[in-house]
Amino acid sequence: MTSVRVREAKKAFNGQSVLRGVDFAVRDGEIAALLGPSGCGKTTLLRLIAGFERLDGGAIEIHGREVAGEGLHVPPERRRIGYVPQEGALFPHLTVLGNVGFGLARRERTRERIGEVLALVGVQELAERYPHELSGGQQQRVALARALAPRPEIVLLDEPFNGLDLDLRRAVSAEVVATLRRSGASAILVTHDPEEAFASADTVAVMNQGAIAQQGDPRSVYLQPASAEVARITGAAVFLDATIRGAVAETALGSMPLGAASPGVNGFARVCVRPEQIVLGAPGSGCAAKILARSFRGDHTVLTVAIGEFRLPVRAPTSFAADASVVEVALEGSCVAFPR
Ligand SMILES: Nc1ncnc2c1ncn2[C@@H]1O[C@H](COP(=O)(O)OP(=O)(O)OP(=O)(O)O)[C@@H](O)[C@H]1O
């Protein structure tokens, strides 16, 4: 069953269109990521689903029941949705206990229920502390506990890990996802970090300029992006000019099987490959390239190489010969073609 369905959602602020007809769906128990660049409308979509904003057009259904549409706006407190806003959202004058109890109806505001949800997110020993006495990761766990306390059916999380440094961010997001799965709620996680979206979500909706450009499982949006923009939003992408012959793309780096092609692509095209598909090949296996620069990255080195006028990054092992000036570059896997 579908837990959230958004149809043709439109929203403008001060005459400026922010959502231009968004279609988006999340199934029961699923974690969906809303991935897109800054300003594309992710928070606006989340706030419309929560009921904090009113739709200008289109409709939103929760578990098959329309909650927003023409002449209809069910208030947030009647949507059974938990909301984890961006960082810094705890009430500074309330303890963890007070923060988590805040959203609970009086009869449910028991130490037992609060203790249960603090245990669910693993912060039960922090109950008496104030937000300023917590680390960033602890604060985010408490914010999640506050959202989960009223047993929502859907949890919306707006870039909840933004304020955390990278290592902590990966660890806290994995814990939060595990907690959400244990709670059984569906969730929508807003992020602009593709790795976070892929690691956390069952379905990824790629948003750009107020519309969903593609929605699918993480592998399909990464490996078969529907457009050059989706390819860029979902990770690093290298575009090569190519000639398409049947199911093969011929590029300056050699030929490559075509994994997918946009409609109308034939003859001259642009193919998208991911940097990890450009590899060092054995002599004679690919295309000779001149090394222009090296950048040491710890567990690997990135070479910038030139093939004629064309420059591209190639990942090499840290042990790569320091005196080499030429390498052989080859392509691995398949590519996706777009019109040139
Ligand atoms: N209440 C508002 N009044 C006027 N403009 C708004 C309002 N809320 C959002 N906007 C505008 O709508 C656009 C989309 O904003 P939104 O916060 O939804 O984007 P976002 O994708 O979540 O961005 P970020 O990743 O930076 O948070 C922006 O141009 C923003 O300035």
# chains A, B, ... in the order shown; residues from 1 in each chain; ligands from 1
$ select_by_dssp --residues "region 55-208 of chain A" --states "strand (DSSP E or B)" --output "VMD selection string"
chain A and resid 57 to 62 65 to 69 72 to 73 81 to 84 154 to 158 186 to 191 203 to 208
$ residues_near_ligand --ligand "ligand 1" --cutoff "6 Å" --atoms "only C-alpha atoms and all ligand atoms" --output "short mmCIF file (atom, residue, chain, number, x, y, z; two decimals) with C-alpha atoms, in the first residue's frame"
data_model
loop_
_atom_site.label_atom_id
_atom_site.label_comp_id
_atom_site.auth_asym_id
_atom_site.auth_seq_id
_atom_site.Cartn_x
_atom_site.Cartn_y
_atom_site.Cartn_z
CA PHE A 13 5.94 31.99 -3.07
CA VAL A 18 8.87 26.66 -6.49
CA PRO A 37 20.56 20.58 -5.16
CA SER A 38 20.02 23.51 -2.81
CA GLY A 39 16.90 25.50 -3.58
CA CYS A 40 15.20 22.87 -5.79
CA GLY A 41 12.17 22.70 -3.47
CA LYS A 42 12.85 19.70 -1.20
CA THR A 43 11.94 21.41 2.08
CA THR A 44 8.85 22.96 0.49
#
$ closest_residue --among "A:Leu164, A:Ile154, A:Ile62, A:Val279" --to "Ser186 (chain A)" --atoms "only C-alpha atoms"
A:Ile154
$ closest_atom_pairs --of "region 135-224 of chain A" --to "region 103-120 of chain A" --cutoff "8 Å" --atoms "only C-alpha atoms" --output "JSON lines"
{"residue": "A:Val142", "atom": "CA", "partner": "A:Leu118", "partner_atom": "CA", "distance": 7.3}
{"residue": "A:Ala145", "atom": "CA", "partner": "A:Val117", "partner_atom": "CA", "distance": 5.8}
{"residue": "A:Arg146", "atom": "CA", "partner": "A:Gly103", "partner_atom": "CA", "distance": 6.9}
{"residue": "A:Ala147", "atom": "CA", "partner": "A:Gly103", "partner_atom": "CA", "distance": 7.8}
{"residue": "A:Leu148", "atom": "CA", "partner": "A:Val117", "partner_atom": "CA", "distance": 7.2}
{"residue": "A:Ala149", "atom": "CA", "partner": "A:Val117", "partner_atom": "CA", "distance": 6.1}
{"residue": "A:Pro150", "atom": "CA", "partner": "A:Leu104", "partner_atom": "CA", "distance": 5.7}
{"residue": "A:Thr179", "atom": "CA", "partner": "A:Leu120", "partner_atom": "CA", "distance": 6.6}
$ closest_residue --among "A:Arg65, A:Pro76, A:Ile31, A:Val176" --to "Gly51 (chain A)" --atoms "only C-alpha atoms"
A:Pro76
$ select_by_dssp --residues "region 108-213 of chain A" --states "helix (DSSP H, G or I)" --output "PyMOL selection string"
chain A and resi 108+111-121+124-126+131-133+136-148+166-183+194-200
$ decode --residues "region 61-160 of chain A" --atoms "C-alpha atoms" --output "PDB file, in the first residue's frame"
ATOM      1  CA  GLU A  61      -2.824  11.459  -0.111  1.00  0.00           C
ATOM      2  CA  ILE A  62      -1.755   9.668   3.053  1.00  0.00           C
ATOM      3  CA  HIS A  63      -2.692   6.000   3.155  1.00  0.00           C
ATOM      4  CA  GLY A  64      -5.164   6.523   0.342  1.00  0.00           C
ATOM      5  CA  ARG A  65      -6.940   9.425   2.085  1.00  0.00           C
ATOM      6  CA  GLU A  66      -6.645  12.874   0.561  1.00  0.00           C
ATOM      7  CA  VAL A  67      -5.193  15.328   3.087  1.00  0.00           C
ATOM      8  CA  ALA A  68      -4.541  18.234   0.728  1.00  0.00           C
ATOM      9  CA  GLY A  69      -6.241  19.154  -2.507  1.00  0.00           C
ATOM     10  CA  GLU A  70      -8.734  21.554  -3.944  1.00  0.00           C
ATOM     11  CA  GLY A  71     -10.578  23.136  -1.021  1.00  0.00           C
ATOM     12  CA  LEU A  72      -9.032  20.646   1.425  1.00  0.00           C
ATOM     13  CA  HIS A  73      -6.264  21.088   4.002  1.00  0.00           C
ATOM     14  CA  VAL A  74      -6.090  18.583   6.867  1.00  0.00           C
ATOM     15  CA  PRO A  75      -4.086  20.255   9.674  1.00  0.00           C
ATOM     16  CA  PRO A  76      -0.626  18.851  10.551  1.00  0.00           C
ATOM     17  CA  GLU A  77      -1.710  17.378  13.912  1.00  0.00           C
ATOM     18  CA  ARG A  78      -4.267  15.176  12.147  1.00  0.00           C
ATOM     19  CA  ARG A  79      -1.845  13.677   9.601  1.00  0.00           C
ATOM     20  CA  ARG A  80       0.028  11.265  11.958  1.00  0.00           C
ATOM     21  CA  ILE A  81       3.348  12.541  10.709  1.00  0.00           C
ATOM     22  CA  GLY A  82       6.556  13.007  12.691  1.00  0.00           C
ATOM     23  CA  TYR A  83       8.884  15.806  11.577  1.00  0.00           C
ATOM     24  CA  VAL A  84      12.621  16.055  12.230  1.00  0.00           C
ATOM     25  CA  PRO A  85      13.627  19.554  11.121  1.00  0.00           C
ATOM     26  CA  GLN A  86      17.105  20.755  10.226  1.00  0.00           C
ATOM     27  CA  GLU A  87      19.667  20.993  13.038  1.00  0.00           C
ATOM     28  CA  GLY A  88      19.104  23.026  16.165  1.00  0.00           C
ATOM     29  CA  ALA A  89      15.449  22.193  16.477  1.00  0.00           C
ATOM     30  CA  LEU A  90      15.299  21.068  20.120  1.00  0.00           C
ATOM     31  CA  PHE A  91      13.719  23.428  22.655  1.00  0.00           C
ATOM     32  CA  PRO A  92      16.753  24.825  24.528  1.00  0.00           C
ATOM     33  CA  HIS A  93      14.875  25.392  27.820  1.00  0.00           C
ATOM     34  CA  LEU A  94      13.569  21.808  28.055  1.00  0.00           C
ATOM     35  CA  THR A  95      15.489  18.683  29.060  1.00  0.00           C
ATOM     36  CA  VAL A  96      15.617  15.648  26.789  1.00  0.00           C
ATOM     37  CA  LEU A  97      12.648  14.286  28.737  1.00  0.00           C
ATOM     38  CA  GLY A  98      10.730  17.545  28.230  1.00  0.00           C
ATOM     39  CA  ASN A  99      11.603  17.724  24.540  1.00  0.00           C
ATOM     40  CA  VAL A 100      10.500  14.164  23.839  1.00  0.00           C
ATOM     41  CA  GLY A 101       7.340  14.514  25.932  1.00  0.00           C
ATOM     42  CA  PHE A 102       6.397  17.785  24.220  1.00  0.00           C
ATOM     43  CA  GLY A 103       4.519  16.290  21.281  1.00  0.00           C
ATOM     44  CA  LEU A 104       2.678  13.670  23.348  1.00  0.00           C
ATOM     45  CA  ALA A 105      -0.921  13.978  24.459  1.00  0.00           C
ATOM     46  CA  ARG A 106      -1.168  14.346  28.266  1.00  0.00           C
ATOM     47  CA  ARG A 107      -2.393  10.789  28.876  1.00  0.00           C
ATOM     48  CA  GLU A 108       0.534   9.371  26.809  1.00  0.00           C
ATOM     49  CA  ARG A 109       3.133  11.639  28.410  1.00  0.00           C
ATOM     50  CA  THR A 110       4.387   8.988  30.780  1.00  0.00           C
ATOM     51  CA  ARG A 111       7.964   8.305  31.861  1.00  0.00           C
ATOM     52  CA  GLU A 112       7.484   4.799  30.552  1.00  0.00           C
ATOM     53  CA  ARG A 113       6.593   5.861  26.971  1.00  0.00           C
ATOM     54  CA  ILE A 114       9.346   8.491  26.904  1.00  0.00           C
ATOM     55  CA  GLY A 115      11.838   5.955  28.299  1.00  0.00           C
ATOM     56  CA  GLU A 116      10.792   3.480  25.628  1.00  0.00           C
ATOM     57  CA  VAL A 117      11.431   5.887  22.796  1.00  0.00           C
ATOM     58  CA  LEU A 118      14.705   7.150  24.294  1.00  0.00           C
ATOM     59  CA  ALA A 119      15.807   3.506  24.451  1.00  0.00           C
ATOM     60  CA  LEU A 120      14.758   3.046  20.820  1.00  0.00           C
ATOM     61  CA  VAL A 121      17.239   5.732  19.759  1.00  0.00           C
ATOM     62  CA  GLY A 122      19.833   4.719  22.382  1.00  0.00           C
ATOM     63  CA  VAL A 123      19.959   7.883  24.550  1.00  0.00           C
ATOM     64  CA  GLN A 124      18.095   6.801  27.718  1.00  0.00           C
ATOM     65  CA  GLU A 125      20.965   7.904  29.980  1.00  0.00           C
ATOM     66  CA  LEU A 126      20.641  11.497  28.707  1.00  0.00           C
ATOM     67  CA  ALA A 127      17.045  12.078  29.863  1.00  0.00           C
ATOM     68  CA  GLU A 128      17.861  14.868  32.356  1.00  0.00           C
ATOM     69  CA  ARG A 129      20.258  16.821  30.136  1.00  0.00           C
ATOM     70  CA  TYR A 130      19.559  20.050  28.282  1.00  0.00           C
ATOM     71  CA  PRO A 131      20.232  20.323  24.517  1.00  0.00           C
ATOM     72  CA  HIS A 132      23.428  22.408  25.028  1.00  0.00           C
ATOM     73  CA  GLU A 133      24.829  19.505  27.093  1.00  0.00           C
ATOM     74  CA  LEU A 134      24.498  17.099  24.146  1.00  0.00           C
ATOM     75  CA  SER A 135      26.769  16.436  21.151  1.00  0.00           C
ATOM     76  CA  GLY A 136      25.420  17.091  17.650  1.00  0.00           C
ATOM     77  CA  GLY A 137      24.793  13.377  17.074  1.00  0.00           C
ATOM     78  CA  GLN A 138      22.975  13.029  20.412  1.00  0.00           C
ATOM     79  CA  GLN A 139      20.812  16.052  19.600  1.00  0.00           C
ATOM     80  CA  GLN A 140      19.757  14.485  16.297  1.00  0.00           C
ATOM     81  CA  ARG A 141      18.871  11.222  18.053  1.00  0.00           C
ATOM     82  CA  VAL A 142      16.750  13.133  20.562  1.00  0.00           C
ATOM     83  CA  ALA A 143      15.048  15.034  17.712  1.00  0.00           C
ATOM     84  CA  LEU A 144      14.224  11.674  16.142  1.00  0.00           C
ATOM     85  CA  ALA A 145      12.920  10.373  19.479  1.00  0.00           C
ATOM     86  CA  ARG A 146      10.667  13.433  19.760  1.00  0.00           C
ATOM     87  CA  ALA A 147       9.290  12.770  16.268  1.00  0.00           C
ATOM     88  CA  LEU A 148       8.750   9.050  16.960  1.00  0.00           C
ATOM     89  CA  ALA A 149       7.129   9.432  20.405  1.00  0.00           C
ATOM     90  CA  PRO A 150       3.519   9.895  19.180  1.00  0.00           C
ATOM     91  CA  ARG A 151       3.929   6.721  17.025  1.00  0.00           C
ATOM     92  CA  PRO A 152       3.628   8.440  13.653  1.00  0.00           C
ATOM     93  CA  GLU A 153       2.984   6.384  10.534  1.00  0.00           C
ATOM     94  CA  ILE A 154       5.279   8.594   8.491  1.00  0.00           C
ATOM     95  CA  VAL A 155       8.469  10.398   9.546  1.00  0.00           C
ATOM     96  CA  LEU A 156       9.827  13.321   7.537  1.00  0.00           C
ATOM     97  CA  LEU A 157      13.489  14.235   8.058  1.00  0.00           C
ATOM     98  CA  ASP A 158      14.852  17.480   6.607  1.00  0.00           C
ATOM     99  CA  GLU A 159      18.630  17.186   6.142  1.00  0.00           C
ATOM    100  CA  PRO A 160      18.914  15.989   9.739  1.00  0.00           C
TER     101      PRO A 160
END
